[in-house]
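Asker: Got a file for you: final_34.cif, mmCIF, C-alpha atoms.
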data_coords
#
loop_
_atom_site.label_atom_id
_atom_site.label_comp_id
_atom_site.auth_asym_id
_atom_site.auth_seq_id
_atom_site.Cartn_x
_atom_site.Cartn_y
_atom_site.Cartn_z
CA MET A 1 221.59 -56.62 36.23
CA ASP A 2 222.63 -59.95 37.69
CA GLN A 3 221.59 -63.42 36.54
CA ASP A 4 218.51 -63.23 38.79
CA ALA A 5 217.38 -59.92 37.24
CA VAL A 6 218.27 -57.91 40.35
CA PRO A 7 219.25 -54.31 39.48
CA THR A 8 222.66 -53.59 41.01
CA LEU A 9 224.11 -50.13 41.64
CA VAL A 10 227.88 -49.88 42.03
CA GLU A 11 229.68 -46.83 43.47
CA VAL A 12 233.46 -46.79 43.06
CA LYS A 13 235.67 -44.44 45.11
CA ARG A 14 239.35 -44.22 45.99
CA SER A 15 240.11 -44.34 49.69
CA THR A 16 241.88 -40.98 49.30
CA ASP A 17 238.59 -39.35 48.23
CA SER A 18 237.20 -37.62 51.33
CA ARG A 19 233.63 -38.18 50.05
CA ILE A 20 233.95 -41.90 50.70
CA ARG A 21 233.10 -41.38 54.37
CA ARG A 22 229.81 -39.47 54.21
CA GLU A 23 228.68 -38.08 50.87
CA VAL A 24 228.90 -41.44 49.12
CA ILE A 25 226.16 -42.90 51.35
CA GLY A 26 223.61 -40.23 50.48
CA GLN A 27 224.65 -40.32 46.83
CA VAL A 28 224.04 -44.04 46.38
CA LEU A 29 220.81 -44.06 48.39
CA ASP A 30 219.61 -41.25 46.12
CA TYR A 31 220.44 -43.39 43.07
CA ALA A 32 218.59 -46.37 44.51
CA ALA A 33 215.50 -44.50 45.68
CA ASN A 34 214.99 -42.62 42.44
CA GLY A 35 216.02 -45.54 40.24
CA VAL A 36 213.38 -47.79 41.79
CA ARG A 37 210.82 -45.04 41.43
CA TYR A 38 211.50 -43.92 37.86
CA TRP A 39 213.21 -46.79 36.03
CA SER A 40 211.25 -49.40 34.14
CA ALA A 41 212.35 -52.77 32.81
CA ASP A 42 211.48 -51.43 29.35
CA GLU A 43 213.99 -48.59 29.73
CA LEU A 44 216.72 -50.90 31.05
CA ARG A 45 216.14 -53.31 28.20
CA GLY A 46 216.34 -50.45 25.71
CA GLN A 47 219.59 -49.18 27.25
CA LEU A 48 221.10 -52.64 26.98
CA ALA A 49 220.01 -52.91 23.35
CA ARG A 50 221.56 -49.52 22.51
CA ARG A 51 224.75 -50.42 24.33
CA LEU A 52 225.03 -53.65 22.34
CA GLN A 53 224.01 -51.82 19.14
CA GLY A 54 221.02 -53.98 18.29
CA ALA A 55 217.81 -55.19 19.93
CA GLY A 56 218.54 -58.82 19.05
CA LEU A 57 221.90 -58.79 20.83
CA ALA A 58 220.25 -57.69 24.08
CA ASP A 59 218.18 -60.85 24.32
CA GLN A 60 221.17 -63.01 23.36
CA HIS A 61 223.12 -61.35 26.16
CA VAL A 62 220.38 -62.21 28.67
CA GLU A 63 220.27 -65.82 27.50
CA VAL A 64 224.03 -66.14 28.06
CA LEU A 65 223.73 -64.43 31.47
CA THR A 66 221.00 -66.78 32.69
CA GLU A 67 222.38 -69.85 30.88
CA GLU A 68 218.88 -70.55 29.60
CA GLN A 69 217.30 -70.36 26.18
CA SER A 70 214.20 -68.28 25.37
CA SER A 71 214.37 -66.67 28.80
CA ALA A 72 214.63 -63.00 27.86
CA GLU A 73 210.92 -62.22 28.33
CA SER A 74 210.70 -63.86 31.76
CA PHE A 75 214.02 -62.19 32.75
CA TRP A 76 212.71 -58.70 32.05
CA GLN A 77 209.36 -59.45 33.65
CA GLN A 78 211.27 -60.51 36.77
CA ALA A 79 213.32 -57.30 36.58
CA ALA A 80 210.08 -55.31 36.52
CA GLU A 81 208.87 -57.20 39.60
CA HIS A 82 212.10 -56.42 41.45
CA LEU A 83 211.91 -52.73 40.61
CA ARG A 84 208.32 -52.53 41.84
CA ALA A 85 209.23 -54.33 45.06
CA GLY A 86 212.35 -52.21 45.67
CA LYS A 87 214.55 -55.29 45.43
CA VAL A 88 217.93 -53.91 44.39
CA ARG A 89 221.56 -54.34 45.40
CA ILE A 90 223.92 -51.51 46.37
CA ILE A 91 227.68 -52.13 46.26
CA PHE A 92 230.42 -49.78 47.44
CA VAL A 93 233.83 -50.54 45.90
CA ALA A 94 237.11 -49.03 47.11
CA ASP A 95 240.75 -49.96 47.54
CA SER A 96 240.21 -49.46 51.27
CA ILE A 97 236.85 -49.14 53.03
CA PRO A 98 237.08 -46.88 56.13
CA THR A 99 235.77 -48.14 59.45
CA GLN A 100 232.93 -45.58 59.40
CA LEU A 101 231.73 -46.69 55.96
CA ARG A 102 232.05 -50.35 56.94
CA ALA A 103 229.80 -49.73 59.96
CA VAL A 104 227.18 -47.96 57.82
CA ILE A 105 227.20 -50.76 55.21
CA GLU A 106 226.66 -53.41 57.88
CA PHE A 107 223.95 -51.35 59.59
CA LEU A 108 222.01 -50.75 56.35
CA ASN A 109 222.29 -54.36 55.23
CA GLU A 110 221.03 -55.60 58.61
CA GLN A 111 218.07 -53.19 58.61
CA MET A 112 216.91 -53.30 54.99
CA ILE A 113 214.86 -56.35 54.06
CA THR A 114 214.47 -56.17 50.28
CA THR A 115 217.61 -54.17 49.45
CA GLU A 116 221.06 -55.71 49.80
CA VAL A 117 223.91 -53.36 50.76
CA LEU A 118 227.47 -54.63 50.44
CA GLY A 119 231.01 -53.34 50.21
CA VAL A 120 233.92 -54.75 48.24
CA GLU A 121 237.37 -53.75 49.42
CA VAL A 122 239.92 -54.42 46.68
CA LYS A 123 243.45 -54.31 48.05
CA GLN A 124 246.37 -54.29 45.62
CA TYR A 125 249.70 -55.97 46.19
CA THR A 126 252.67 -55.54 43.87
CA GLY A 127 256.16 -56.99 43.80
CA GLN A 128 258.74 -58.49 41.49
CA GLY A 129 256.85 -57.30 38.40
CA HIS A 130 253.55 -58.84 39.48
CA ARG A 131 250.29 -57.35 40.72
CA MET A 132 247.61 -59.12 42.73
CA LEU A 133 244.11 -57.83 43.57
CA ALA A 134 242.51 -59.28 46.71
CA PRO A 135 238.78 -58.48 47.11
CA THR A 136 237.08 -58.74 50.50
CA LEU A 137 233.29 -58.67 50.96
CA VAL A 138 231.89 -56.33 53.61
CA GLY A 139 228.36 -56.35 55.03
CA ALA A 140 227.29 -59.98 54.67
CA THR A 141 226.85 -60.45 58.42
CA THR A 142 224.92 -63.21 60.15
CA THR A 143 222.36 -60.64 61.32
CA ALA A 144 221.84 -59.42 57.74
CA ASN A 145 221.33 -62.98 56.53
CA ARG A 146 218.67 -63.52 59.22
CA THR A 147 216.98 -60.22 58.31
CA LYS A 148 216.79 -61.24 54.66
CA GLY A 149 215.79 -64.81 55.42
CA ALA A 150 213.38 -66.07 52.79
CA PRO A 151 209.83 -65.24 53.90
CA ARG A 152 206.96 -67.56 53.09
CA ARG A 153 206.00 -66.98 49.49
CA GLN A 154 202.37 -66.18 48.87
CA SER A 155 200.61 -68.16 46.19
CA ILE A 156 199.18 -66.27 43.24
CA GLU A 157 195.69 -66.97 44.60
CA GLU A 158 196.59 -65.34 47.93
CA LYS A 159 198.04 -62.35 46.12
CA PHE A 160 194.83 -61.84 44.17
CA ARG A 161 192.76 -62.16 47.36
CA ASN A 162 194.90 -59.43 48.95
CA ALA A 163 194.88 -57.22 45.86
CA SER A 164 192.70 -54.16 45.41
CA THR A 165 189.06 -54.48 44.39
CA GLU A 166 189.95 -52.87 41.05
CA THR A 167 192.63 -55.48 40.37
CA ARG A 168 190.33 -58.40 41.18
CA GLU A 169 187.54 -57.04 38.98
CA VAL A 170 189.90 -56.24 36.09
CA ASP A 171 191.29 -59.78 36.36
CA GLU A 172 187.82 -61.38 36.35
CA ARG A 173 186.72 -59.34 33.34
CA LEU A 174 189.87 -60.13 31.35
CA VAL A 175 189.58 -63.85 32.15
CA GLN A 176 186.03 -63.73 30.73
CA TRP A 177 187.29 -61.83 27.70
CA ALA A 178 190.09 -64.37 27.09
CA ARG A 179 187.59 -67.23 27.14
CA GLN A 180 185.29 -65.42 24.70
CA GLU A 181 188.15 -64.62 22.33
CA GLY A 182 189.80 -68.03 22.58
CA HIS A 183 193.02 -66.84 24.26
CA ARG A 184 194.83 -68.85 26.92
CA HIS A 185 195.76 -67.55 30.34
CA THR A 186 198.30 -69.03 32.75
CA THR A 187 199.73 -68.01 36.11
CA SER A 188 203.20 -67.67 37.54
CA ASN A 189 203.96 -66.88 41.17
CA ALA A 190 203.88 -63.19 40.28
CA ALA A 191 201.23 -62.65 37.64
CA ARG A 192 198.36 -63.90 35.52
CA LYS A 193 199.52 -64.02 31.92
CA PHE A 194 197.29 -63.87 28.86
CA VAL A 195 199.07 -65.50 25.94
CA LEU A 196 198.67 -65.81 22.18
CA GLY A 197 198.72 -69.30 20.71
CA ASN A 198 201.43 -71.54 22.14
CA GLU A 199 203.75 -68.75 23.22
CA SER A 200 205.05 -68.67 26.79
CA ALA A 201 205.36 -64.90 27.16
CA GLY A 202 202.16 -63.08 28.01
CA PHE A 203 201.02 -60.22 25.81
CA LEU A 204 199.08 -58.95 28.85
CA ASN A 205 200.10 -59.56 32.47
CA ILE A 206 198.32 -58.65 35.72
CA TYR A 207 200.47 -58.26 38.85
CA PRO A 208 198.24 -58.45 41.95
CA SER A 209 201.02 -57.53 44.38
CA ASN A 210 201.44 -54.17 42.68
CA ASP A 211 197.90 -53.64 41.34
CA THR A 212 199.26 -53.11 37.84
CA LEU A 213 199.04 -54.67 34.43
CA ASP A 214 201.47 -54.44 31.57
CA VAL A 215 201.19 -55.00 27.85
CA ASN A 216 204.00 -56.80 26.04
CA VAL A 217 204.04 -54.70 22.87
CA ARG A 218 207.13 -56.57 21.67
CA THR A 219 205.16 -59.84 21.52
CA LEU A 220 202.24 -58.13 19.78
CA HIS A 221 204.61 -56.74 17.12
CA GLU A 222 205.60 -60.31 16.27
CA ARG A 223 201.97 -61.40 15.77
CA LEU A 224 200.06 -58.34 14.58
CA PRO A 225 200.43 -55.67 11.88
CA ALA A 226 202.25 -52.54 13.03
CA GLU A 227 199.15 -50.37 12.59
CA LYS A 228 197.16 -52.68 14.89
CA VAL A 229 199.84 -52.47 17.58
CA ASP A 230 199.87 -48.67 17.28
CA GLU A 231 196.09 -48.75 17.68
CA ILE A 232 196.46 -50.77 20.90
CA ARG A 233 199.04 -48.34 22.28
CA GLN A 234 196.79 -45.41 21.41
CA ALA A 235 193.88 -47.16 23.16
CA LEU A 236 196.05 -47.54 26.27
CA LYS A 237 196.91 -43.85 26.11
CA ASN A 238 193.24 -42.90 25.75
CA ASN A 239 192.24 -45.15 28.65
CA THR A 240 194.90 -43.89 31.04
CA GLY A 241 195.03 -40.27 29.95
CA HIS A 242 198.81 -40.17 29.64
CA SER A 243 201.57 -41.48 27.39
CA VAL A 244 202.71 -45.09 27.76
CA ALA A 245 206.08 -46.79 27.32
CA SER A 246 206.91 -48.08 23.85
CA GLN A 247 207.49 -51.78 24.56
CA TYR A 248 206.22 -52.69 28.03
CA PRO A 249 203.57 -50.16 29.12
CA VAL A 250 202.74 -50.54 32.83
CA VAL A 251 199.27 -49.31 33.82
CA PRO A 252 197.73 -49.23 37.33
CA THR A 253 194.56 -51.30 37.40
CA ALA A 254 192.85 -48.36 39.12
CA GLU A 255 193.23 -46.41 35.85
CA VAL A 256 191.79 -49.25 33.76
CA HIS A 257 188.88 -50.12 36.06
CA PRO A 258 186.64 -47.09 35.32
CA ARG A 259 186.94 -47.86 31.59
CA LEU A 260 187.04 -51.64 31.88
CA GLU A 261 184.48 -52.47 29.17
CA ARG A 262 186.16 -50.09 26.75
CA PHE A 263 189.60 -51.46 27.64
CA SER A 264 188.62 -55.10 27.07
CA SER A 265 187.01 -54.25 23.74
#
Reformat the file's structure so that it appears as structure tokens.
Answerer:
Amino acid sequence: MDQDAVPTLVEVKRSTDSRIRREVIGQVLDYAANGVRYWSADELRGQLARRLQGAGLADQHVEVLTEEQSSAESFWQQAAEHLRAGKVRIIFVADSIPTQLRAVIEFLNEQMITTEVLGVEVKQYTGQGHRMLAPTLVGATTTANRTKGAPRRQSIEEKFRNASTETREVDERLVQWARQEGHRHTTSNAARKFVLGNESAGFLNIYPSNDTLDVNVRTLHERLPAEKVDEIRQALKNNTGHSVASQYPVVPTAEVHPRLERFSS
């Protein structure tokens, strides 16, 4: 994950490995396609926490990465957005990138709009007891830069207008519910967030671009008794008919809509 919460897949091969010319392309595209489909920000956050041997360290790591304080929640929400949109980066690393692989990297990067495909050729020079590594970037062509030129960003209002009927109706009902219960709701460019008290992270977020909502169980754990949080997770399971993730359950609004009154209660 980079500082902008973009998932990055790195494939490293020696130039002497014959698979670097053909098999490596299919292998990495398989990683990317299935990663975008099956990963969740919740799982990535959990992996980071386990790797750093403690949930608290994971958020500290993110704050150092982004050079911001209290940014962990927004970082992982952005990561979730990128996964849903297929915005990932693929990097091939080798001591020498063959001409055929270089051509494929440039072709893919020029054709793919949301996914960035790059190569890093790391040549090694030694002499007189010293070693120098000289990396060269492959794939960042002018054509690729034009292809990935920043499109006009839709406002959150436009995104809701273009969302499904289910998403719009779920949003309207939850806005009414928030007013009745005295909860605040705010918007970012990606989602409507329902928040508790003065907190910035939403405990419930609706993403109109993806017709999904997610529940920030981590935030609820900090404000509610554990048994109440378990009750909420069980209610989500009952409403969707399948198990939900432990910390950031993502639910299609189409699954919530038929049981909207029950969900909001």
Asker: Could you jot down the atom CA of Gln176 of chain A to atom CA of Asn205 of chain A separation for me, Å, one decimal place?
Answerer: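 These atoms are spaced 14.8 Å apart.
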Asker: Translate the PyMOL selection byres ((chain A and resi 90-101) around 6), as applied to the file shown, into an explicit residue set as a ChimeraX atom specification.
Answerer: /A:8-15,21,89,102-104,117-123
Asker: Using all atoms listed in the file, pick whichever of A:Gly127, A:Gln77, A:Asn145, A:Ala134 has the shortest atom-to-atom distance to Phe203 of chain A.
Answerer: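 Looking at the shortest contact to Phe203 of chain A, the residue is A:Gln77.
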Asker: Rank A:Ser155, A:Thr167, A:Asn109, A:Gln124 by their smallest atom-to-atom distance to Ala140 of chain A, using only C-alpha atoms, and report the top residue only.
Answerer: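 Using only C-alpha atoms, Ala140 of chain A sits closest to A:Asn109.
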Asker: For this structure, which residues satisfy the selection - the PyMOL selection byres ((chain A and resi 79) around 8) - when it is evaluated on the file as given? I want them as a CSV table (one decimal) with C-alpha atoms, in the frame of the given file.
Answerer:
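The result, written out as part-v6.csv:
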chain,number,residue,atom,x,y,z
A,5,ALA,CA,217.4,-59.9,37.2
A,6,VAL,CA,218.3,-57.9,40.4
A,7,PRO,CA,219.2,-54.3,39.5
A,41,ALA,CA,212.4,-52.8,32.8
A,75,PHE,CA,214.0,-62.2,32.8
A,76,TRP,CA,212.7,-58.7,32.0
A,77,GLN,CA,209.4,-59.4,33.6
A,78,GLN,CA,211.3,-60.5,36.8
A,80,ALA,CA,210.1,-55.3,36.5
A,81,GLU,CA,208.9,-57.2,39.6
A,82,HIS,CA,212.1,-56.4,41.4
A,83,LEU,CA,211.9,-52.7,40.6
Asker: Looking at A:Ser18, A:Thr253, A:Thr141, A:Asn162, which one is nearest to Thr212 of chain A, with distances taken over all atoms listed in the file?
Answerer: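 Of all the options, A:Thr253 lies closest to Thr212 of chain A.
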